[in-house]
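Okay, target-v3.tsv is below, TSV, C-alpha atoms and all ligand atoms:
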```tsv
chain	number	residue	atom	x	y	z
O	1	MET	CA	-81.12	70.91	-27.04
O	2	ALA	CA	-79.99	72.88	-23.96
O	3	ASP	CA	-82.63	74.30	-21.63
O	4	PRO	CA	-83.69	77.80	-22.72
O	5	ILE	CA	-82.02	80.66	-20.86
O	6	THR	CA	-84.19	83.39	-19.35
O	7	ILE	CA	-82.60	86.78	-18.74
O	8	LEU	CA	-84.41	89.39	-16.65
O	9	GLY	CA	-83.94	92.93	-18.00
O	10	ILE	CA	-84.14	95.85	-15.57
O	11	ALA	CA	-83.92	99.53	-16.53
O	12	GLY	CA	-82.36	102.00	-14.10
O	13	SER	CA	-84.85	104.68	-15.07
O	14	LEU	CA	-88.59	105.07	-14.52
O	15	ARG	CA	-88.97	107.49	-17.45
O	16	LYS	CA	-91.60	106.40	-19.99
O	17	ASP	CA	-89.41	107.27	-22.99
O	18	SER	CA	-86.20	106.15	-21.30
O	19	TYR	CA	-83.21	105.47	-23.57
O	20	ASN	CA	-82.27	102.63	-21.25
O	21	LYS	CA	-85.66	101.01	-21.75
O	22	GLY	CA	-84.97	101.43	-25.48
O	23	ALA	CA	-81.58	99.74	-25.07
O	24	LEU	CA	-83.28	96.80	-23.35
O	25	ARG	CA	-85.85	96.52	-26.16
O	26	ALA	CA	-82.94	96.38	-28.60
O	27	ALA	CA	-81.33	93.68	-26.46
O	28	GLN	CA	-84.51	91.61	-26.76
O	29	GLN	CA	-83.96	91.51	-30.52
O	30	LEU	CA	-80.25	90.70	-30.13
O	31	CYS	CA	-80.51	87.72	-27.75
O	32	PRO	CA	-78.52	84.68	-28.87
O	33	GLN	CA	-80.41	81.58	-29.92
O	34	GLY	CA	-81.75	79.66	-26.96
O	35	ALA	CA	-82.06	82.77	-24.76
O	36	LYS	CA	-84.87	85.24	-24.18
O	37	LEU	CA	-84.95	88.58	-22.39
O	38	GLU	CA	-88.00	89.43	-20.26
O	39	LEU	CA	-88.37	93.03	-19.08
O	40	TYR	CA	-89.26	93.90	-15.48
O	41	ASP	CA	-90.46	97.37	-14.47
O	42	ILE	CA	-89.17	98.46	-11.04
O	43	ALA	CA	-91.82	101.22	-10.82
O	44	GLY	CA	-93.97	100.57	-7.76
O	45	LEU	CA	-91.26	99.11	-5.54
O	46	PRO	CA	-91.50	100.81	-2.14
O	47	LEU	CA	-88.64	102.87	-0.75
O	48	PHE	CA	-86.62	100.46	1.34
O	49	ASN	CA	-87.21	100.76	5.08
O	50	GLN	CA	-85.54	98.17	7.29
O	51	ASP	CA	-88.43	98.42	9.77
O	52	TYR	CA	-90.65	96.63	7.23
O	53	GLU	CA	-88.22	94.22	5.56
O	54	GLN	CA	-89.88	91.20	7.22
O	55	LYS	CA	-93.24	92.22	5.72
O	56	PRO	CA	-92.53	92.74	2.01
O	57	THR	CA	-95.20	94.19	-0.28
O	58	ALA	CA	-96.59	91.99	-3.08
O	59	LYS	CA	-94.44	93.91	-5.57
O	60	VAL	CA	-91.26	93.17	-3.60
O	61	THR	CA	-92.15	89.48	-3.33
O	62	GLU	CA	-92.86	89.34	-7.06
O	63	PHE	CA	-89.59	91.13	-7.87
O	64	LYS	CA	-87.54	88.69	-5.81
O	65	GLN	CA	-89.35	85.73	-7.39
O	66	ARG	CA	-88.65	87.04	-10.89
O	67	ILE	CA	-84.94	87.49	-10.07
O	68	ARG	CA	-84.71	83.98	-8.64
O	69	ALA	CA	-86.57	82.43	-11.58
O	70	ALA	CA	-84.20	84.05	-14.10
O	71	ASP	CA	-80.95	82.44	-15.20
O	72	ALA	CA	-79.26	85.82	-15.53
O	73	ILE	CA	-79.85	89.55	-15.16
O	74	LEU	CA	-79.26	92.41	-17.60
O	75	ILE	CA	-79.36	95.96	-16.21
O	76	SER	CA	-79.35	99.05	-18.41
O	77	THR	CA	-78.96	102.12	-16.26
O	78	ALA	CA	-79.20	105.87	-16.54
O	79	GLU	CA	-76.53	108.02	-14.85
O	80	TYR	CA	-77.65	110.72	-12.42
O	81	ASN	CA	-75.06	113.23	-11.22
O	82	TYR	CA	-72.16	110.97	-12.11
O	83	GLY	CA	-73.69	108.08	-10.19
O	84	LEU	CA	-76.28	105.39	-9.92
O	85	PRO	CA	-79.96	106.53	-10.00
O	86	GLY	CA	-81.62	106.21	-6.59
O	87	VAL	CA	-84.50	104.14	-7.99
O	88	LEU	CA	-82.11	101.44	-9.16
O	89	LYS	CA	-80.08	101.38	-5.94
O	90	ASN	CA	-83.37	101.11	-4.05
O	91	ALA	CA	-84.46	98.15	-6.21
O	92	ILE	CA	-81.12	96.45	-5.57
O	93	ASP	CA	-81.38	97.00	-1.82
O	94	VAL	CA	-85.02	95.85	-1.65
O	95	ALA	CA	-84.23	92.51	-3.32
O	96	SER	CA	-81.15	91.96	-1.16
O	97	ARG	CA	-83.01	91.86	2.14
O	98	PRO	CA	-83.73	90.64	4.77
O	99	TYR	CA	-80.25	89.46	5.61
O	100	GLY	CA	-79.84	85.85	4.45
O	101	ASP	CA	-82.53	86.21	1.76
O	102	ASN	CA	-80.55	88.01	-0.94
O	103	ALA	CA	-82.35	87.24	-4.23
O	104	TRP	CA	-79.34	88.36	-6.29
O	105	SER	CA	-76.85	85.89	-4.84
O	106	GLY	CA	-74.99	83.81	-7.41
O	107	LYS	CA	-76.70	85.29	-10.47
O	108	PRO	CA	-74.71	86.04	-13.59
O	109	ILE	CA	-75.29	89.68	-14.55
O	110	ALA	CA	-74.41	92.02	-17.41
O	111	LEU	CA	-74.50	95.76	-17.35
O	112	MET	CA	-74.99	98.55	-19.84
O	113	SER	CA	-75.94	102.21	-19.74
O	114	ALA	CA	-77.21	105.04	-21.92
O	115	ALA	CA	-76.91	108.73	-21.11
O	116	MET	CA	-76.89	112.20	-22.61
O	117	GLY	CA	-73.21	112.72	-21.79
O	118	VAL	CA	-70.29	111.44	-23.87
O	119	ALA	CA	-69.28	108.99	-21.13
O	120	GLY	CA	-72.57	107.15	-21.67
O	121	GLY	CA	-73.24	106.50	-17.98
O	122	ILE	CA	-70.05	104.54	-17.33
O	123	ARG	CA	-69.63	106.13	-13.87
O	124	ALA	CA	-73.00	104.71	-12.81
O	125	GLN	CA	-71.83	101.30	-14.05
O	126	TYR	CA	-68.74	101.40	-11.84
O	127	GLN	CA	-70.80	102.26	-8.77
O	128	LEU	CA	-73.09	99.36	-9.58
O	129	ARG	CA	-70.19	96.95	-9.99
O	130	GLN	CA	-69.06	97.84	-6.47
O	131	CYS	CA	-72.42	96.63	-5.06
O	132	PHE	CA	-72.08	93.37	-6.96
O	133	VAL	CA	-69.20	92.30	-4.73
O	134	PHE	CA	-71.27	92.22	-1.54
O	135	LEU	CA	-74.37	90.93	-3.35
O	136	ASN	CA	-72.40	87.98	-4.81
O	137	LEU	CA	-73.44	88.86	-8.36
O	138	ASP	CA	-71.20	87.32	-11.01
O	139	ALA	CA	-70.67	90.16	-13.50
O	140	VAL	CA	-69.63	89.96	-17.12
O	141	VAL	CA	-66.69	92.36	-17.45
O	142	GLN	CA	-66.47	92.94	-21.22
O	143	PRO	CA	-67.60	94.59	-23.41
O	144	GLU	CA	-68.42	97.79	-21.54
O	145	VAL	CA	-71.56	99.01	-23.28
O	146	ALA	CA	-71.96	102.72	-22.50
O	147	ILE	CA	-74.12	104.53	-25.05
O	148	GLY	CA	-73.13	108.20	-24.97
O	149	ASN	CA	-74.82	111.13	-26.73
O	150	ALA	CA	-78.02	109.10	-26.49
O	151	PRO	CA	-80.29	111.44	-28.49
O	152	GLN	CA	-78.07	110.75	-31.54
O	153	ARG	CA	-78.27	106.98	-31.13
O	154	PHE	CA	-82.01	106.49	-30.66
O	155	ASP	CA	-84.87	107.49	-32.96
O	156	ALA	CA	-87.87	109.63	-31.99
O	157	ALA	CA	-89.71	106.55	-30.71
O	158	GLY	CA	-86.81	105.72	-28.36
O	159	ASN	CA	-85.55	102.76	-30.36
O	160	LEU	CA	-81.79	102.17	-30.65
O	161	THR	CA	-80.55	102.90	-34.18
O	162	ASP	CA	-76.77	102.90	-33.65
O	163	GLU	CA	-75.24	99.80	-35.24
O	164	THR	CA	-72.02	99.89	-33.19
O	165	SER	CA	-74.02	99.87	-29.94
O	166	LYS	CA	-76.16	97.01	-31.22
O	167	LYS	CA	-73.07	94.93	-32.03
O	168	MET	CA	-71.69	95.55	-28.55
O	169	ILE	CA	-75.00	94.60	-26.91
O	170	ALA	CA	-75.11	91.39	-28.97
O	171	GLN	CA	-71.56	90.54	-27.78
O	172	LEU	CA	-72.44	91.35	-24.17
O	173	LEU	CA	-75.43	89.01	-24.34
O	174	GLN	CA	-73.34	86.26	-25.88
O	175	ASN	CA	-70.84	86.58	-23.04
O	176	LEU	CA	-73.64	86.50	-20.47
O	177	VAL	CA	-75.22	83.39	-22.01
O	178	TYR	CA	-71.79	81.73	-22.18
O	179	LYS	CA	-71.39	82.35	-18.43
O	180	VAL	CA	-74.81	80.76	-17.74
O	181	ARG	CA	-73.92	77.71	-19.85
O	182	LEU	CA	-70.57	77.34	-18.06
O	183	MET	CA	-72.33	77.47	-14.68
O	184	ARG	CA	-74.71	74.72	-15.79
O	185	GLN	CA	-71.87	72.32	-16.56
O	186	PRO	CA	-71.03	69.81	-13.85
O	187	MET	CA	-67.71	70.48	-12.14
O	188	LYS	CA	-64.90	68.17	-13.23
O	189	ALA	CA	-62.57	66.85	-10.56
O	190	ALA	CA	-59.00	68.17	-10.83
O	191	ALA	CA	-56.59	65.64	-12.37
R	201	LIG	C1	-81.05	114.10	-11.95
R	201	LIG	C2	-80.34	113.92	-13.27
R	201	LIG	C3	-78.97	113.84	-13.29
R	201	LIG	C4	-78.30	113.61	-14.49
R	201	LIG	N1	-76.95	113.42	-14.47
R	201	LIG	C5	-76.31	112.99	-15.60
R	201	LIG	C6	-74.95	112.59	-15.56
R	201	LIG	O1	-74.29	112.60	-14.54
R	201	LIG	N2	-74.37	112.16	-16.72
R	201	LIG	C7	-75.07	112.12	-17.91
R	201	LIG	O2	-74.50	111.71	-18.92
R	201	LIG	N3	-76.38	112.49	-17.96
R	201	LIG	C8	-77.01	112.91	-16.84
R	201	LIG	N4	-78.33	113.24	-16.88
R	201	LIG	C9	-79.04	113.19	-18.16
R	201	LIG	C10	-79.46	111.76	-18.47
R	201	LIG	O3	-78.42	111.11	-19.18
R	201	LIG	C11	-80.74	111.76	-19.30
R	201	LIG	O4	-81.80	112.34	-18.56
R	201	LIG	C12	-81.11	110.37	-19.78
R	201	LIG	O5	-82.19	110.49	-20.68
R	201	LIG	C13	-81.48	109.45	-18.60
R	201	LIG	O6	-81.68	108.13	-19.03
R	201	LIG	P1	-83.12	107.58	-19.46
R	201	LIG	O7	-83.39	108.17	-20.84
R	201	LIG	O8	-82.96	106.11	-19.51
R	201	LIG	O9	-84.14	108.07	-18.47
R	201	LIG	C14	-79.03	113.50	-15.70
R	201	LIG	C15	-80.42	113.61	-15.65
R	201	LIG	C16	-81.07	113.81	-14.48
R	201	LIG	C17	-82.59	113.84	-14.46
```
Please, can you express the file's structure as structure tokens?
Amino acid sequence: MADPITILGIAGSLRKDSYNKGALRAAQQLCPQGAKLELYDIAGLPLFNQDYEQKPTAKVTEFKQRIRAADAILISTAEYNYGLPGVLKNAIDVASRPYGDNAWSGKPIALMSAAMGVAGGIRAQYQLRQCFVFLNLDAVVQPEVAIGNAPQRFDAAGNLTDETSKKMIAQLLQNLVYKVRLMRQPMKAAA
């Protein structure tokens, strides 16, 4: 039996009734066998200030430990003004510093979004993907899970009800877990 795979789920929204938190709860139910999704709340991370990066708060230290302990990351982000919410960008920056101590480096990552608009937050996803290059995050490319018209796809309790979105999330998780399993295999010498 392969070692269990732990995925760390991060919502790019602090809102209590966030659709993106709902999407992550749905993802917990859709994890492939042998994988589990743990949720991490970025509320309480300080605003990044380079003057203090050598003296991280307990929350920053914990966040970086949780990232490092995970086999993979799943982000579900809101879209603010056609872009990435500041709270999520801040969380990404905080865990990337100080220079040489980037907690994200080498992690497989998958991305999804939920938003009020028809585009489902896809513009925020593309901004995020740009950061992944410098952070050395190994992103799953397909499927692109962007849940548009969110109020029609979640119930009053904020739980995802849309079956098409659930199928796409299940596929995204399968692709993420496949990437983790591939990375665990020893490299074969070229013939
Ligand atoms: C500052 C702000 C900017 C927003 N900009 C967008 C946007 O560009 N595109 C969009 O589809 N929805 C936009 N919305 C609406 C969000 O999709 C909506 O608030 C959604 O519920 C946020 O995700 P959450 O439920 O996970 O918090 C914006 C909301 C706020 C508060």
Show me, as an mmCIF file with C-alpha atoms, keeping the file's coordinate frame, the residues that have an atom within 6 Å of stretch 65-71 of chain O when counting all atoms listed in the file, minus same-chain residues fewer than 4 positions from it.
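Saved to part_35.cif:
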```cif
data_model
loop_
_atom_site.group_PDB
_atom_site.id
_atom_site.type_symbol
_atom_site.label_atom_id
_atom_site.label_comp_id
_atom_site.auth_asym_id
_atom_site.auth_seq_id
_atom_site.Cartn_x
_atom_site.Cartn_y
_atom_site.Cartn_z
ATOM 1 C CA THR O 6 -84.190 83.390 -19.350
ATOM 2 C CA ILE O 7 -82.600 86.780 -18.740
ATOM 3 C CA LEU O 8 -84.410 89.390 -16.650
ATOM 4 C CA ALA O 103 -82.350 87.240 -4.230
#
```
As JSON, please report the centre and edge lengths, rounded to one decimal in Å, of the axis-aligned box that holds all listed atoms of stretch 113-123 of chain O with 3 Å of padding on each of the six sides.
```
{"center_x": -73.2, "center_y": 107.5, "center_z": -18.9, "size_x": 13.9, "size_y": 16.5, "size_z": 16.0}
```
Ligand LIG 201 (chain R): which residues are within 9 Å, counting all atoms listed in the file? Reply as a ChimeraX atom specification.
/O:11-23,76-85,113-124,148-151,158
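Counting only C-alpha atoms, the residue from O:Pro186, O:Gly9, O:Pro143, O:Gly100 that sits nearest to O:Lys36 is O:Gly9.
Of note, atom CA of O:Asp3 and atom CA of O:Lys179 are spaced 14.2 Å apart.
Note that atom CA of O:Ala110 and atom CA of O:Leu172 are 7.1 Å apart.
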Give me the stretch 93-139 of chain O side of the contact with stretch 37-46 of chain O, cut-off 12 Å, one line per residue showing its nearest atom pair and distance in Å at one decimal, counting only C-alpha atoms, sorted by chain and residue number, as CSV.
```
residue,atom,partner,partner_atom,distance
O:Asp93,CA,O:Leu45,CA,10.8
O:Val94,CA,O:Leu45,CA,8.0
O:Ala95,CA,O:Leu45,CA,9.9
```
Nearest to O:Phe132 by atom-to-atom distance, counting all atoms listed in the file, from O:Ala157, O:Leu74, O:Gln174, O:Ile92:
O:Ile92
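Between atom CA of O:Ala58 and atom CA of O:Ala27 the interatomic distance comes to 28.0 Å.
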Could I see stretch 3-20 of chain O restored to N, CA and C atoms, set down as a PDB file, in the coordinates of the input?
```
ATOM      1  N   ASP O   3     -81.474  73.587 -22.182  1.00  0.00           N
ATOM      2  CA  ASP O   3     -82.630  74.300 -21.630  1.00  0.00           C
ATOM      3  C   ASP O   3     -82.573  75.761 -22.032  1.00  0.00           C
ATOM      4  N   PRO O   4     -83.728  76.382 -22.358  1.00  0.00           N
ATOM      5  CA  PRO O   4     -83.690  77.800 -22.720  1.00  0.00           C
ATOM      6  C   PRO O   4     -83.211  78.664 -21.544  1.00  0.00           C
ATOM      7  N   ILE O   5     -82.576  79.760 -21.874  1.00  0.00           N
ATOM      8  CA  ILE O   5     -82.020  80.660 -20.860  1.00  0.00           C
ATOM      9  C   ILE O   5     -82.914  81.898 -20.769  1.00  0.00           C
ATOM     10  N   THR O   6     -83.357  82.201 -19.559  1.00  0.00           N
ATOM     11  CA  THR O   6     -84.190  83.390 -19.350  1.00  0.00           C
ATOM     12  C   THR O   6     -83.359  84.471 -18.664  1.00  0.00           C
ATOM     13  N   ILE O   7     -83.330  85.635 -19.299  1.00  0.00           N
ATOM     14  CA  ILE O   7     -82.600  86.780 -18.740  1.00  0.00           C
ATOM     15  C   ILE O   7     -83.645  87.810 -18.311  1.00  0.00           C
ATOM     16  N   LEU O   8     -83.483  88.356 -17.122  1.00  0.00           N
ATOM     17  CA  LEU O   8     -84.410  89.390 -16.650  1.00  0.00           C
ATOM     18  C   LEU O   8     -83.773  90.758 -16.894  1.00  0.00           C
ATOM     19  N   GLY O   9     -84.460  91.608 -17.653  1.00  0.00           N
ATOM     20  CA  GLY O   9     -83.940  92.930 -18.000  1.00  0.00           C
ATOM     21  C   GLY O   9     -84.555  94.010 -17.115  1.00  0.00           C
ATOM     22  N   ILE O  10     -83.689  94.807 -16.508  1.00  0.00           N
ATOM     23  CA  ILE O  10     -84.140  95.850 -15.570  1.00  0.00           C
ATOM     24  C   ILE O  10     -83.542  97.188 -16.011  1.00  0.00           C
ATOM     25  N   ALA O  11     -84.406  98.192 -16.166  1.00  0.00           N
ATOM     26  CA  ALA O  11     -83.920  99.530 -16.530  1.00  0.00           C
ATOM     27  C   ALA O  11     -83.732 100.376 -15.278  1.00  0.00           C
ATOM     28  N   GLY O  12     -82.612 101.079 -15.218  1.00  0.00           N
ATOM     29  CA  GLY O  12     -82.360 102.000 -14.100  1.00  0.00           C
ATOM     30  C   GLY O  12     -82.893 103.376 -14.433  1.00  0.00           C
ATOM     31  N   SER O  13     -84.148 103.425 -14.781  1.00  0.00           N
ATOM     32  CA  SER O  13     -84.850 104.680 -15.070  1.00  0.00           C
ATOM     33  C   SER O  13     -86.335 104.373 -15.086  1.00  0.00           C
ATOM     34  N   LEU O  14     -87.126 105.268 -14.503  1.00  0.00           N
ATOM     35  CA  LEU O  14     -88.590 105.070 -14.520  1.00  0.00           C
ATOM     36  C   LEU O  14     -89.221 105.804 -15.708  1.00  0.00           C
ATOM     37  N   ARG O  15     -88.451 106.609 -16.407  1.00  0.00           N
ATOM     38  CA  ARG O  15     -88.970 107.490 -17.450  1.00  0.00           C
ATOM     39  C   ARG O  15     -89.641 106.665 -18.566  1.00  0.00           C
ATOM     40  N   LYS O  16     -90.838 107.136 -18.962  1.00  0.00           N
ATOM     41  CA  LYS O  16     -91.600 106.400 -19.990  1.00  0.00           C
ATOM     42  C   LYS O  16     -90.774 106.228 -21.269  1.00  0.00           C
ATOM     43  N   ASP O  17     -90.151 107.321 -21.723  1.00  0.00           N
ATOM     44  CA  ASP O  17     -89.410 107.270 -22.990  1.00  0.00           C
ATOM     45  C   ASP O  17     -87.912 107.054 -22.766  1.00  0.00           C
ATOM     46  N   SER O  18     -87.589 106.371 -21.695  1.00  0.00           N
ATOM     47  CA  SER O  18     -86.200 106.150 -21.300  1.00  0.00           C
ATOM     48  C   SER O  18     -85.353 105.512 -22.415  1.00  0.00           C
ATOM     49  N   TYR O  19     -84.148 106.071 -22.623  1.00  0.00           N
ATOM     50  CA  TYR O  19     -83.210 105.470 -23.570  1.00  0.00           C
ATOM     51  C   TYR O  19     -82.790 104.072 -23.081  1.00  0.00           C
ATOM     52  N   ASN O  20     -82.684 103.934 -21.780  1.00  0.00           N
ATOM     53  CA  ASN O  20     -82.270 102.630 -21.250  1.00  0.00           C
ATOM     54  C   ASN O  20     -83.336 101.564 -21.462  1.00  0.00           C
TER      55      ASN O  20
END
```
